[in-house]
$ cat start_39.cif   # mmCIF, C-alpha atoms
data_model
loop_
_atom_site.label_atom_id
_atom_site.label_comp_id
_atom_site.auth_asym_id
_atom_site.auth_seq_id
_atom_site.Cartn_x
_atom_site.Cartn_y
_atom_site.Cartn_z
CA MET A 15 -46.75 101.13 31.32
CA LYS A 16 -48.33 102.54 34.45
CA ASN A 17 -45.50 104.90 35.43
CA PRO A 18 -46.57 108.37 34.19
CA ALA A 19 -42.95 109.51 33.86
CA ALA A 20 -42.12 106.52 31.67
CA LEU A 21 -45.22 107.15 29.61
CA LYS A 22 -44.19 110.78 29.09
CA LEU A 23 -40.71 109.73 28.11
CA ALA A 24 -42.07 107.23 25.60
CA ALA A 25 -44.33 109.88 24.11
CA LEU A 26 -41.45 112.35 23.84
CA ALA A 27 -39.27 109.70 22.25
CA SER A 28 -41.89 108.84 19.65
CA VAL A 29 -42.36 112.54 18.85
CA ALA A 30 -38.60 112.89 18.41
CA VAL A 31 -38.42 109.86 16.12
CA PHE A 32 -41.38 111.14 14.12
CA SER A 33 -39.87 114.62 13.74
CA ALA A 34 -36.58 113.12 12.62
CA PHE A 35 -38.43 111.01 10.09
CA THR A 36 -40.41 113.92 8.63
CA ALA A 37 -37.25 116.05 8.44
CA PHE A 38 -35.63 113.18 6.54
CA ALA A 39 -38.71 112.80 4.32
CA GLN A 40 -38.57 116.48 3.40
CA ASP A 41 -34.97 116.16 2.31
CA VAL A 42 -35.76 113.39 -0.14
CA GLU A 43 -36.85 114.82 -3.48
CA ASP A 44 -40.40 113.96 -4.51
CA PRO A 45 -39.91 111.98 -7.75
CA PHE A 46 -43.39 113.01 -8.92
CA ALA A 47 -43.08 116.75 -8.26
CA ASP A 48 -42.65 117.60 -11.96
CA ALA A 49 -45.61 115.48 -13.07
CA VAL A 50 -47.87 116.95 -10.39
CA GLU A 51 -46.74 120.49 -11.21
CA THR A 52 -47.32 119.86 -14.92
CA ARG A 53 -50.89 118.66 -14.51
CA HIS A 54 -51.72 121.48 -12.10
CA GLY A 55 -50.33 123.95 -14.64
CA LEU A 56 -52.43 122.42 -17.41
CA MET A 57 -55.54 122.69 -15.24
CA LEU A 58 -54.79 126.33 -14.35
CA GLN A 59 -54.34 127.27 -18.01
CA MET A 60 -57.59 125.49 -18.83
CA ALA A 61 -59.33 127.50 -16.06
CA THR A 62 -57.98 130.71 -17.59
CA ASP A 63 -59.42 129.85 -21.00
CA LEU A 64 -62.69 128.62 -19.49
CA GLY A 65 -62.85 132.00 -17.75
CA VAL A 66 -63.16 133.72 -21.15
CA LEU A 67 -65.87 131.32 -22.34
CA GLY A 68 -67.63 131.47 -18.95
CA ALA A 69 -67.69 135.26 -18.88
CA ILE A 70 -69.38 135.23 -22.30
CA ALA A 71 -71.82 132.54 -21.14
CA LYS A 72 -72.68 134.60 -18.04
CA GLY A 73 -73.09 137.73 -20.15
CA GLU A 74 -70.30 139.52 -18.29
CA ILE A 75 -68.47 140.27 -21.54
CA ALA A 76 -69.82 140.54 -25.08
CA TYR A 77 -69.42 137.65 -27.48
CA ASP A 78 -66.21 137.94 -29.48
CA ALA A 79 -65.68 135.19 -32.05
CA THR A 80 -61.89 135.57 -32.13
CA ALA A 81 -61.38 135.51 -28.35
CA ALA A 82 -63.91 132.71 -27.86
CA SER A 83 -62.42 130.56 -30.62
CA LYS A 84 -58.90 131.08 -29.26
CA ALA A 85 -60.04 130.05 -25.74
CA ALA A 86 -61.91 126.99 -27.02
CA ALA A 87 -58.91 125.94 -29.14
CA ASN A 88 -56.70 126.19 -26.05
CA VAL A 89 -59.09 124.07 -23.98
CA ALA A 90 -59.11 121.45 -26.76
CA ALA A 91 -55.32 121.53 -27.02
CA ILE A 92 -54.90 121.00 -23.27
CA ALA A 93 -57.46 118.20 -23.31
CA SER A 94 -55.50 116.49 -26.10
CA VAL A 95 -52.29 116.71 -24.04
CA LEU A 96 -53.82 114.92 -21.02
CA SER A 97 -52.72 111.30 -20.74
CA MET A 98 -51.08 108.94 -18.28
CA ALA A 99 -47.84 110.84 -18.96
CA GLN A 100 -48.86 113.46 -16.38
CA PHE A 101 -50.14 110.75 -14.04
CA PRO A 102 -47.22 108.36 -13.41
CA ALA A 103 -48.07 105.47 -11.09
CA GLY A 104 -47.45 106.48 -7.50
CA SER A 105 -48.10 110.21 -7.94
CA GLU A 106 -51.14 109.98 -5.69
CA ASN A 107 -52.66 111.89 -2.79
CA GLY A 108 -50.91 111.07 0.45
CA THR A 109 -47.79 109.75 -1.27
CA SER A 110 -46.76 112.61 -3.49
CA ALA A 111 -46.77 116.11 -2.04
CA ASP A 112 -49.46 118.42 -3.48
CA SER A 113 -51.17 115.55 -5.33
CA PHE A 114 -54.94 115.24 -5.04
CA ALA A 115 -55.18 112.25 -7.37
CA LEU A 116 -56.89 109.25 -5.76
CA PRO A 117 -55.48 105.70 -6.07
CA ASP A 118 -58.60 104.68 -8.03
CA LEU A 119 -57.28 106.68 -10.98
CA TRP A 120 -54.70 103.94 -11.54
CA ALA A 121 -56.93 101.07 -10.39
CA LYS A 122 -59.55 102.12 -12.96
CA GLN A 123 -57.18 103.50 -15.58
CA ASP A 124 -59.40 102.49 -18.53
CA ASP A 125 -62.27 104.50 -17.09
CA PHE A 126 -59.98 107.47 -16.44
CA LEU A 127 -58.80 107.41 -20.07
CA ALA A 128 -62.40 107.08 -21.30
CA LYS A 129 -63.23 110.21 -19.31
CA ILE A 130 -60.36 112.05 -21.02
CA VAL A 131 -61.90 111.04 -24.38
CA ASP A 132 -65.23 112.50 -23.16
CA LEU A 133 -63.41 115.71 -22.27
CA ASN A 134 -61.88 115.91 -25.76
CA ASN A 135 -65.33 115.42 -27.31
CA ALA A 136 -66.80 118.15 -25.10
CA ALA A 137 -63.91 120.47 -26.01
CA ASP A 138 -64.52 119.83 -29.72
CA ALA A 139 -68.20 120.68 -29.25
CA MET A 140 -67.13 123.90 -27.52
CA LYS A 141 -64.95 124.82 -30.51
CA THR A 142 -68.06 124.68 -32.71
CA ALA A 143 -70.09 126.64 -30.14
CA ALA A 144 -67.37 129.28 -29.76
CA ALA A 145 -67.55 129.97 -33.50
CA THR A 146 -71.34 130.37 -33.27
CA ASP A 147 -72.58 132.75 -30.52
CA GLY A 148 -72.91 133.35 -26.79
CA ASP A 149 -75.99 131.18 -26.38
CA ALA A 150 -74.24 128.25 -28.02
CA ILE A 151 -71.30 128.71 -25.64
CA LYS A 152 -73.64 128.82 -22.65
CA ALA A 153 -75.32 125.60 -23.78
CA SER A 154 -71.97 123.91 -24.36
CA MET A 155 -70.59 124.81 -20.92
CA ALA A 156 -72.77 122.16 -19.25
CA GLN A 157 -71.27 119.32 -21.32
CA LEU A 158 -67.76 120.61 -20.74
CA GLY A 159 -68.37 121.09 -17.02
CA GLY A 160 -69.86 117.61 -16.82
CA ALA A 161 -66.72 116.14 -18.41
CA CYS A 162 -64.50 117.99 -15.90
CA SER A 163 -66.51 116.98 -12.86
CA ALA A 164 -66.89 113.34 -13.98
CA CYS A 165 -63.16 112.96 -13.42
CA HIS A 166 -62.98 115.16 -10.35
CA LYS A 167 -65.85 113.25 -8.77
CA ALA A 168 -64.21 109.88 -9.16
CA TYR A 169 -60.49 110.62 -9.00
CA ARG A 170 -59.80 113.82 -7.07
CA GLN A 171 -59.59 114.09 -3.29
CA PRO A 172 -61.56 117.19 -2.16
CA GLU A 173 -59.34 119.89 -0.65
CA SER A 174 -58.98 120.09 3.10
CA MET B 163 -81.85 99.45 57.47
CA LYS B 164 -78.45 101.10 57.61
CA PHE B 165 -77.76 104.32 55.80
CA THR B 166 -75.45 102.72 53.22
CA SER B 167 -77.92 100.06 52.24
CA LYS B 168 -80.63 102.73 51.98
CA LEU B 169 -78.34 104.71 49.72
CA LEU B 170 -77.61 101.66 47.60
CA LEU B 171 -81.29 100.89 47.34
CA GLY B 172 -81.96 104.51 46.38
CA LEU B 173 -79.27 104.44 43.72
CA GLY B 174 -80.57 101.13 42.45
CA VAL B 175 -84.10 102.48 42.15
CA ALA B 176 -82.82 105.65 40.43
CA GLY B 177 -80.80 103.49 38.05
CA VAL B 178 -83.76 101.34 37.17
CA LEU B 179 -85.90 104.45 36.67
CA ALA B 180 -83.25 106.04 34.44
CA ALA B 181 -82.88 102.86 32.43
CA GLY B 182 -86.65 102.62 32.17
CA ALA B 183 -86.87 106.23 31.05
CA ALA B 184 -84.11 105.67 28.48
CA TRP B 185 -85.92 102.58 27.22
CA PHE B 186 -89.16 104.52 27.00
CA ILE B 187 -87.60 107.56 25.29
CA SER B 188 -85.64 105.40 22.84
CA ALA B 189 -88.75 103.60 21.58
CA PRO B 190 -89.80 104.49 18.01
CA ARG B 191 -92.45 107.21 18.05
CA ALA B 192 -95.97 106.56 16.85
CA PHE B 193 -96.52 107.37 13.20
CA ASP B 194 -99.51 109.16 11.71
CA ALA B 195 -100.39 106.97 8.75
CA ASN B 196 -103.59 108.96 8.11
CA ALA B 197 -101.62 111.60 6.20
CA PHE B 198 -100.97 108.99 3.50
CA ALA B 199 -104.40 107.39 3.32
CA GLY B 200 -105.77 107.36 -0.21
CA LEU B 201 -102.75 109.10 -1.77
CA GLU B 202 -101.89 108.03 -5.31
CA GLY B 203 -98.28 108.49 -6.39
CA ASP B 204 -97.35 109.83 -9.82
CA HIS B 205 -94.04 108.39 -10.98
CA LYS B 206 -93.25 111.20 -13.43
CA ALA B 207 -93.59 113.84 -10.72
CA GLY B 208 -91.67 111.45 -8.48
CA SER B 209 -88.59 111.59 -10.70
CA GLN B 210 -88.18 115.28 -9.80
CA VAL B 211 -88.39 114.44 -6.09
CA PHE B 212 -85.94 111.58 -6.64
CA TRP B 213 -83.27 113.81 -8.20
CA ALA B 214 -83.83 116.68 -5.79
CA ALA B 215 -83.55 114.29 -2.83
CA GLY B 216 -80.31 112.81 -4.17
CA CYS B 217 -81.31 109.18 -3.48
CA ALA B 218 -79.11 107.77 -6.24
CA SER B 219 -76.01 109.66 -5.13
CA CYS B 220 -75.63 107.35 -2.14
CA HIS B 221 -77.61 104.25 -3.13
CA MET B 222 -76.28 103.70 -6.67
CA VAL B 223 -73.26 101.48 -7.20
CA GLU B 224 -70.16 103.68 -7.32
CA GLY B 225 -69.67 104.71 -10.94
CA GLY B 226 -72.68 102.65 -12.02
CA ASP B 227 -76.16 103.35 -13.38
CA PRO B 228 -77.87 105.91 -11.10
CA LEU B 229 -81.22 104.19 -11.60
CA VAL B 230 -80.04 100.86 -10.16
CA LEU B 231 -80.20 101.41 -6.40
CA ALA B 232 -78.31 98.28 -5.40
CA GLY B 233 -76.36 100.04 -2.63
CA GLY B 234 -72.88 99.17 -1.46
CA GLN B 235 -71.16 102.57 -1.31
CA ALA B 236 -69.12 102.89 1.88
CA PHE B 237 -69.23 106.05 4.00
CA ALA B 238 -66.43 106.27 6.55
CA THR B 239 -67.27 108.42 9.60
CA GLN B 240 -65.99 108.90 13.15
CA PHE B 241 -68.70 106.46 14.26
CA GLY B 242 -67.63 103.71 11.86
CA THR B 243 -68.36 102.83 8.25
CA PHE B 244 -71.88 102.90 6.87
CA HIS B 245 -72.82 100.93 3.76
CA ALA B 246 -75.71 102.29 1.73
CA PRO B 247 -78.29 99.49 1.54
CA ASN B 248 -80.10 98.14 -1.50
CA ILE B 249 -83.27 100.22 -1.94
CA SER B 250 -84.20 98.87 -5.37
CA PRO B 251 -87.69 97.34 -5.70
CA ASP B 252 -86.32 93.80 -5.22
CA PRO B 253 -88.71 92.11 -2.74
CA VAL B 254 -85.89 90.30 -0.90
CA ALA B 255 -82.72 92.38 -1.23
CA GLY B 256 -84.45 95.74 -1.61
CA ILE B 257 -87.61 97.48 -0.48
CA GLY B 258 -90.08 95.97 -2.98
CA GLY B 259 -93.48 95.33 -1.45
CA TRP B 260 -93.26 98.03 1.21
CA THR B 261 -96.47 99.94 1.73
CA LEU B 262 -96.51 103.72 1.27
CA GLU B 263 -96.84 104.09 5.05
CA GLU B 264 -93.79 101.87 5.68
CA PHE B 265 -91.80 103.81 3.10
CA ALA B 266 -92.85 107.17 4.60
CA ARG B 267 -92.00 106.06 8.13
CA ALA B 268 -88.57 104.88 6.94
CA ILE B 269 -87.53 108.06 5.14
CA GLN B 270 -89.29 110.58 7.41
CA GLN B 271 -88.89 109.01 10.86
CA GLY B 272 -85.97 106.69 10.32
CA VAL B 273 -87.89 103.61 11.46
CA SER B 274 -87.87 100.32 9.55
CA PRO B 275 -91.03 98.29 8.84
CA THR B 276 -90.01 95.98 11.72
CA GLY B 277 -89.69 98.92 14.12
CA ALA B 278 -85.88 99.31 14.20
CA HIS B 279 -84.20 102.74 14.15
CA TYR B 280 -82.16 103.72 11.11
CA TYR B 281 -78.88 105.61 11.42
CA PRO B 282 -79.14 109.30 10.51
CA ALA B 283 -76.75 108.65 7.61
CA LEU B 284 -80.18 108.40 5.98
CA PRO B 285 -81.23 112.08 6.18
CA TYR B 286 -84.71 111.40 7.58
CA VAL B 287 -84.62 114.49 9.79
CA ALA B 288 -84.50 116.56 6.57
CA TYR B 289 -86.93 114.33 4.69
CA ALA B 290 -89.43 114.66 7.57
CA LYS B 291 -90.44 117.98 5.98
CA MET B 292 -91.34 116.30 2.66
CA THR B 293 -95.01 116.68 1.71
CA PRO B 294 -97.04 113.44 1.81
CA GLN B 295 -97.78 113.81 -1.92
CA ASP B 296 -94.06 114.10 -2.74
CA VAL B 297 -93.40 110.99 -0.64
CA ALA B 298 -96.10 109.12 -2.58
CA ASN B 299 -94.71 110.35 -5.91
CA LEU B 300 -91.18 109.38 -4.91
CA LYS B 301 -92.29 105.88 -3.98
CA ALA B 302 -94.17 105.52 -7.26
CA TYR B 303 -90.98 106.44 -9.14
CA MET B 304 -88.74 104.14 -7.11
CA ASP B 305 -91.20 101.24 -7.54
CA TRP B 306 -90.84 101.79 -11.27
CA LEU B 307 -87.00 101.48 -11.24
CA PRO B 308 -85.24 98.17 -12.00
CA ALA B 309 -84.95 95.62 -9.19
CA ASN B 310 -81.53 94.29 -8.22
CA ALA B 311 -80.87 91.23 -6.06
CA THR B 312 -77.53 92.30 -4.55
CA PRO B 313 -77.76 91.83 -0.75
CA SER B 314 -77.09 94.89 1.43
CA LEU B 315 -73.79 94.99 3.32
CA PRO B 316 -73.86 95.30 7.12
CA HIS B 317 -72.66 98.58 8.68
CA ASP B 318 -69.43 98.51 10.64
CA ILE B 319 -70.20 100.78 13.59
CA THR B 320 -68.42 101.15 16.92
CA PHE B 321 -69.96 100.82 20.42
CA PRO B 322 -72.33 102.25 21.67
CA PHE B 323 -73.67 103.44 18.32
CA ASN B 324 -73.89 99.85 17.10
CA ILE B 325 -76.86 99.42 19.48
CA ARG B 326 -79.72 100.63 17.32
CA ARG B 327 -81.98 101.29 20.28
CA SER B 328 -79.55 104.05 21.36
CA LEU B 329 -80.56 105.92 18.19
CA GLY B 330 -83.91 106.59 19.86
CA LEU B 331 -82.07 108.75 22.41
CA TRP B 332 -80.16 110.43 19.57
CA LYS B 333 -83.44 111.24 17.88
CA ALA B 334 -84.92 112.61 21.12
CA MET B 335 -81.93 114.93 21.48
CA PHE B 336 -81.18 115.98 17.90
CA ALA B 337 -83.99 115.14 15.48
CA ASP B 338 -85.32 118.70 15.19
CA ASP B 339 -87.22 118.58 11.93
CA SER B 340 -88.43 122.19 11.94
CA TYR B 341 -87.17 124.69 9.36
CA VAL B 342 -84.04 126.65 10.26
CA ILE B 343 -84.66 129.71 8.10
CA THR B 344 -88.00 131.21 9.07
CA GLY B 345 -89.86 134.51 8.74
CA ASP B 346 -91.44 136.22 5.75
CA LEU B 347 -90.36 134.30 2.68
CA THR B 348 -91.40 134.77 -0.93
CA GLU B 349 -92.81 131.81 -2.83
CA ALA B 350 -89.42 131.24 -4.50
CA GLU B 351 -87.59 131.45 -1.17
CA GLN B 352 -90.02 128.92 0.32
CA ARG B 353 -89.53 126.57 -2.62
CA GLY B 354 -85.76 126.99 -2.27
CA ARG B 355 -86.00 126.28 1.45
CA TYR B 356 -87.99 123.11 0.78
CA ILE B 357 -85.33 121.94 -1.68
CA ALA B 358 -82.34 122.95 0.47
CA GLU B 359 -83.54 122.02 3.97
CA SER B 360 -85.67 118.99 3.10
CA LEU B 361 -85.15 117.28 -0.27
CA ALA B 362 -81.51 118.05 -1.09
CA HIS B 363 -80.58 117.96 2.63
CA CYS B 364 -77.72 120.48 2.15
CA GLY B 365 -77.31 120.87 5.91
CA GLU B 366 -76.26 117.25 6.38
CA CYS B 367 -72.78 118.02 4.99
CA HIS B 368 -72.52 121.84 5.08
CA THR B 369 -73.57 122.28 8.75
CA PRO B 370 -71.16 121.32 11.55
CA ARG B 371 -72.11 118.58 14.01
CA ASN B 372 -71.51 118.12 17.73
CA ALA B 373 -69.57 115.21 19.22
CA LEU B 374 -72.62 112.95 19.01
CA GLY B 375 -73.36 113.79 15.39
CA GLY B 376 -76.22 116.23 16.03
CA LEU B 377 -76.40 119.21 13.65
CA ASP B 378 -75.45 122.61 15.13
CA ARG B 379 -78.37 124.58 13.70
CA SER B 380 -76.89 127.83 15.02
CA LYS B 381 -74.12 127.43 12.41
CA TRP B 382 -76.46 126.50 9.57
CA LEU B 383 -74.56 125.79 6.31
CA ALA B 384 -71.46 127.43 7.81
CA GLY B 385 -69.10 124.66 6.67
CA ALA B 386 -67.86 121.54 8.42
CA PRO B 387 -65.25 118.82 8.28
CA SER B 388 -66.24 116.13 5.78
CA ALA B 389 -67.76 112.99 7.33
CA ASP B 390 -64.58 111.02 6.66
CA GLY B 391 -62.47 113.79 8.21
CA LYS B 392 -60.22 114.01 5.14
CA SER B 393 -61.44 117.30 3.74
CA ARG B 394 -63.62 120.32 4.51
CA VAL B 395 -67.10 121.05 3.25
CA PRO B 396 -67.23 124.78 2.42
CA ASN B 397 -69.14 127.45 4.28
CA ILE B 398 -72.05 128.54 2.05
CA ALA B 399 -73.87 130.72 4.61
CA GLY B 400 -73.95 134.27 3.32
CA ILE B 401 -72.15 133.11 0.17
CA GLU B 402 -70.73 136.02 -1.82
CA TRP B 403 -70.96 134.46 -5.29
CA SER B 404 -73.24 136.36 -7.69
CA ASP B 405 -76.53 134.87 -8.84
CA ALA B 406 -74.90 134.17 -12.22
CA ASP B 407 -71.99 132.43 -10.48
CA LEU B 408 -74.35 130.22 -8.47
CA MET B 409 -76.48 129.39 -11.51
CA THR B 410 -73.35 128.50 -13.48
CA TYR B 411 -72.15 126.28 -10.64
CA PHE B 412 -75.51 124.49 -10.33
CA THR B 413 -75.69 124.00 -14.10
CA THR B 414 -72.09 123.28 -15.13
CA GLY B 415 -70.18 122.59 -11.90
CA PHE B 416 -67.76 125.46 -12.58
CA THR B 417 -66.79 127.70 -9.67
CA PRO B 418 -66.19 131.43 -10.32
CA GLU B 419 -62.48 130.54 -10.67
CA TYR B 420 -63.34 127.80 -13.19
CA ASP B 421 -62.25 125.00 -10.97
CA SER B 422 -64.81 122.24 -11.37
CA VAL B 423 -66.90 120.52 -8.74
CA GLY B 424 -65.60 117.18 -7.48
CA GLY B 425 -66.27 114.67 -4.75
CA HIS B 426 -69.80 114.02 -3.57
CA MET B 427 -70.92 117.55 -4.53
CA ALA B 428 -70.47 116.52 -8.19
CA HIS B 429 -73.46 114.19 -7.65
CA VAL B 430 -75.44 117.10 -6.24
CA VAL B 431 -74.68 119.29 -9.27
CA GLU B 432 -75.74 116.46 -11.62
CA ASN B 433 -78.98 116.12 -9.65
CA LEU B 434 -79.70 119.86 -9.64
CA GLY B 435 -79.11 119.90 -13.40
CA LYS B 436 -82.10 117.55 -13.80
CA LEU B 437 -84.48 119.98 -12.05
CA PRO B 438 -86.33 122.82 -13.78
CA GLU B 439 -84.41 126.10 -13.89
CA SER B 440 -87.03 127.65 -11.60
CA ASP B 441 -85.87 125.27 -8.84
CA ARG B 442 -82.23 126.36 -9.21
CA THR B 443 -83.39 129.99 -9.13
CA ALA B 444 -85.38 129.20 -5.98
CA LEU B 445 -82.34 127.62 -4.38
CA ILE B 446 -80.34 130.79 -5.06
CA ALA B 447 -83.15 132.89 -3.56
CA TYR B 448 -83.03 130.69 -0.45
CA LEU B 449 -79.23 130.94 -0.10
CA ARG B 450 -79.60 134.74 0.00
CA LYS B 451 -81.70 134.29 3.17
CA VAL B 452 -79.06 132.24 5.00
CA PRO B 453 -77.00 134.63 7.14
CA ALA B 454 -73.22 134.46 7.36
CA PRO B 455 -72.17 132.80 10.64
CA ASN B 456 -71.19 134.98 13.60
CA PRO B 457 -67.40 135.22 13.80
#

$ encode --input "start_39.cif" --output "structure tokens"
Amino acid sequence: MKNPAALKLAALASVAVFSAFTAFAQDVEDPFADAVETRHGLMLQMATDLGVLGAIAKGEIAYDATAASKAAANVAAIASVLSMAQFPAGSENGTSADSFALPDLWAKQDDFLAKIVDLNNAADAMKTAAATDGDAIKASMAQLGGACSACHKAYRQPES
Amino acid sequence: MKFTSKLLLGLGVAGVLAAGAAWFISAPRAFDANAFAGLEGDHKAGSQVFWAAGCASCHMVEGGDPLVLAGGQAFATQFGTFHAPNISPDPVAGIGGWTLEEFARAIQQGVSPTGAHYYPALPYVAYAKMTPQDVANLKAYMDWLPANATPSLPHDITFPFNIRRSLGLWKAMFADDSYVITGDLTEAEQRGRYIAESLAHCGECHTPRNALGGLDRSKWLAGAPSADGKSRVPNIAGIEWSDADLMTYFTTGFTPEYDSVGGHMAHVVENLGKLPESDRTALIAYLRKVPAPNP
């Protein structure tokens, strides 16, 4: 296609087709929206509870056995909820809107589930630490953080 | 001789001279092996250099044992896909049997034992600032790791970057191995600078690059698109996190919002966790010296 006018027309046409397609795509309901929203909500609640434990670990607030134990129990409860139920096949980055989950999560499902077991173990250790003192919480944060990032390293697309 | 043929001859001569100059400039530089003469490496001290330098993060098998440096991880970039090679001590598949001088030239100048340029996916511009003793210690540690016979995968690079000789020109233009942050620095700030600018090569991902892949040192650590173009590496110049926030991040991977580190940075946090606390403190001291970028 050497005619510049024809080239322009073709470009315009492809833009029009693309726009029509995306408009259509937006109208179709994302079948994984609920699952993605659920797991994001679980992560946000976990961050809220980790915020209490983290503030004690950083020395920003004084150690409080009741508040710390409540936060650690919440983290453990959320960890125990995590399963493939929030990660239905297909709810991946690029396919499902708002999803950051990488396809490897499903390709290496056994490893993903093993990492959830690690998270539950780390959360249990934090429950013990939370009932002890601030230093124990600080020491336990590394194991818990390691369990979080093990999954995020392998199975989460970094934000753009 | 007519004017046009004179012109052609002139252009031809200029072309040959330019090509000759390019050939000359692109040749691997001489290497001062004297700095390494008589150095004995200590493998225990080398393990600290190994973790700080993040060797395993790229050269381990994805999800595998970080001490088996069999290579194979793929790194997609705008120039093509790089495959981390086998750098285990296997004499055939890896780098077993290299002399200390060959090893030093490879990681500090980006030149192979046979005289070929390496791609700057290997951060040799940063490693160039490594002390000779640290290089010797690192080699002693890596020699001590398990050998693995998995052959290295070829890179898949587009023209003209697939011509290795062209990397000599790249080096002449962009391989500035001087420190970025200079001036009066405390001992801790200097240690932090050595970790950040040399060993841990933070600038390789956190500093933006020009169209040819050269680092823009005027925007040091000011954030950049990720190498694969799919995400953004954050700006950490003039970072506003508190010292406690940074220490928590380097130790646990938790951000101040209690999101957790992911992607390749998760490797970095694991590596930093293996260093003495004084090194993480030094890194924080260094980050305080890195100015926020001009708007």

$ closest_residue --input "start_39.cif" --among "B:Asp346, B:Glu224, B:Asp338, B:Asp204" --to "chain A" --atoms "all atoms listed in the file"
B:Glu224

$ resolve_selection --input "start_39.cif" --expression "the PyMOL selection byres ((chain A) within 7 of (chain B))" --output "PyMOL selection string"
chain A and resi 61+64-65+72+155-156+159-160+162-163+166-168+170-174

$ write_last_selection --input "start_39.cif" --atoms "C-alpha atoms" --output "mmCIF file, in the coordinates of the input"
data_model
loop_
_atom_site.group_PDB
_atom_site.id
_atom_site.type_symbol
_atom_site.label_atom_id
_atom_site.label_comp_id
_atom_site.auth_asym_id
_atom_site.auth_seq_id
_atom_site.Cartn_x
_atom_site.Cartn_y
_atom_site.Cartn_z
ATOM 1 C CA ALA A 61 -59.330 127.500 -16.060
ATOM 2 C CA LEU A 64 -62.690 128.620 -19.490
ATOM 3 C CA GLY A 65 -62.850 132.000 -17.750
ATOM 4 C CA LYS A 72 -72.680 134.600 -18.040
ATOM 5 C CA MET A 155 -70.590 124.810 -20.920
ATOM 6 C CA ALA A 156 -72.770 122.160 -19.250
ATOM 7 C CA GLY A 159 -68.370 121.090 -17.020
ATOM 8 C CA GLY A 160 -69.860 117.610 -16.820
ATOM 9 C CA CYS A 162 -64.500 117.990 -15.900
ATOM 10 C CA SER A 163 -66.510 116.980 -12.860
ATOM 11 C CA HIS A 166 -62.980 115.160 -10.350
ATOM 12 C CA LYS A 167 -65.850 113.250 -8.770
ATOM 13 C CA ALA A 168 -64.210 109.880 -9.160
ATOM 14 C CA ARG A 170 -59.800 113.820 -7.070
ATOM 15 C CA GLN A 171 -59.590 114.090 -3.290
ATOM 16 C CA PRO A 172 -61.560 117.190 -2.160
ATOM 17 C CA GLU A 173 -59.340 119.890 -0.650
ATOM 18 C CA SER A 174 -58.980 120.090 3.100
#

$ residues_around --input "start_39.cif" --residues "Ala195 in chain B" --least-positions-apart "4" --cutoff "12 Å" --atoms "only C-alpha atoms" --output "PDB file with C-alpha atoms, keeping the file's coordinate frame"
ATOM      1  CA  ALA B 199    -104.400 107.390   3.320  1.00  0.00           C
ATOM      2  CA  GLY B 200    -105.770 107.360  -0.210  1.00  0.00           C
ATOM      3  CA  LEU B 201    -102.750 109.100  -1.770  1.00  0.00           C
ATOM      4  CA  THR B 261     -96.470  99.940   1.730  1.00  0.00           C
ATOM      5  CA  LEU B 262     -96.510 103.720   1.270  1.00  0.00           C
ATOM      6  CA  GLU B 263     -96.840 104.090   5.050  1.00  0.00           C
ATOM      7  CA  GLU B 264     -93.790 101.870   5.680  1.00  0.00           C
ATOM      8  CA  PHE B 265     -91.800 103.810   3.100  1.00  0.00           C
ATOM      9  CA  ALA B 266     -92.850 107.170   4.600  1.00  0.00           C
ATOM     10  CA  ARG B 267     -92.000 106.060   8.130  1.00  0.00           C
ATOM     11  CA  GLN B 270     -89.290 110.580   7.410  1.00  0.00           C
ATOM     12  CA  GLN B 271     -88.890 109.010  10.860  1.00  0.00           C
ATOM     13  CA  PRO B 294     -97.040 113.440   1.810  1.00  0.00           C
TER      14      PRO B 294
END

$ resolve_selection --input "start_39.cif" --expression "the PyMOL selection byres ((chain A and resi 116) around 12)" --output "PyMOL selection string"
(chain A and resi 101+103-110+113-115+117-123+126+165-172) or (chain B and resi 424-425)

$ atom_distance --input "start_39.cif" --atom1 "CA of Ala145 in chain A" --atom2 "CA of Ala79 in chain A"
5.7 Å

$ resolve_selection --input "start_39.cif" --expression "the PyMOL selection byres ((chain A and resi 90) around 8)" --output "list in words"
Ala86, Ala87, Asn88, Val89, Ala91, Ile92, Ala93, Ser94, Asn134, Ala137, Asp138 and Lys141 of chain A

$ write_last_selection --input "start_39.cif" --atoms "C-alpha atoms" --output "PDB file, in the coordinates of the input"
ATOM      1  CA  ALA A  86     -61.910 126.990 -27.020  1.00  0.00           C
ATOM      2  CA  ALA A  87     -58.910 125.940 -29.140  1.00  0.00           C
ATOM      3  CA  ASN A  88     -56.700 126.190 -26.050  1.00  0.00           C
ATOM      4  CA  VAL A  89     -59.090 124.070 -23.980  1.00  0.00           C
ATOM      5  CA  ALA A  91     -55.320 121.530 -27.020  1.00  0.00           C
ATOM      6  CA  ILE A  92     -54.900 121.000 -23.270  1.00  0.00           C
ATOM      7  CA  ALA A  93     -57.460 118.200 -23.310  1.00  0.00           C
ATOM      8  CA  SER A  94     -55.500 116.490 -26.100  1.00  0.00           C
ATOM      9  CA  ASN A 134     -61.880 115.910 -25.760  1.00  0.00           C
ATOM     10  CA  ALA A 137     -63.910 120.470 -26.010  1.00  0.00           C
ATOM     11  CA  ASP A 138     -64.520 119.830 -29.720  1.00  0.00           C
ATOM     12  CA  LYS A 141     -64.950 124.820 -30.510  1.00  0.00           C
TER      13      LYS A 141
END

$ atom_distance --input "start_39.cif" --atom1 "CA of Ile343 in chain B" --atom2 "CA of Val452 in chain B"
6.9 Å

$ atom_distance --input "start_39.cif" --atom1 "CA of Pro438 in chain B" --atom2 "CA of Asn248 in chain B"
28.3 Å
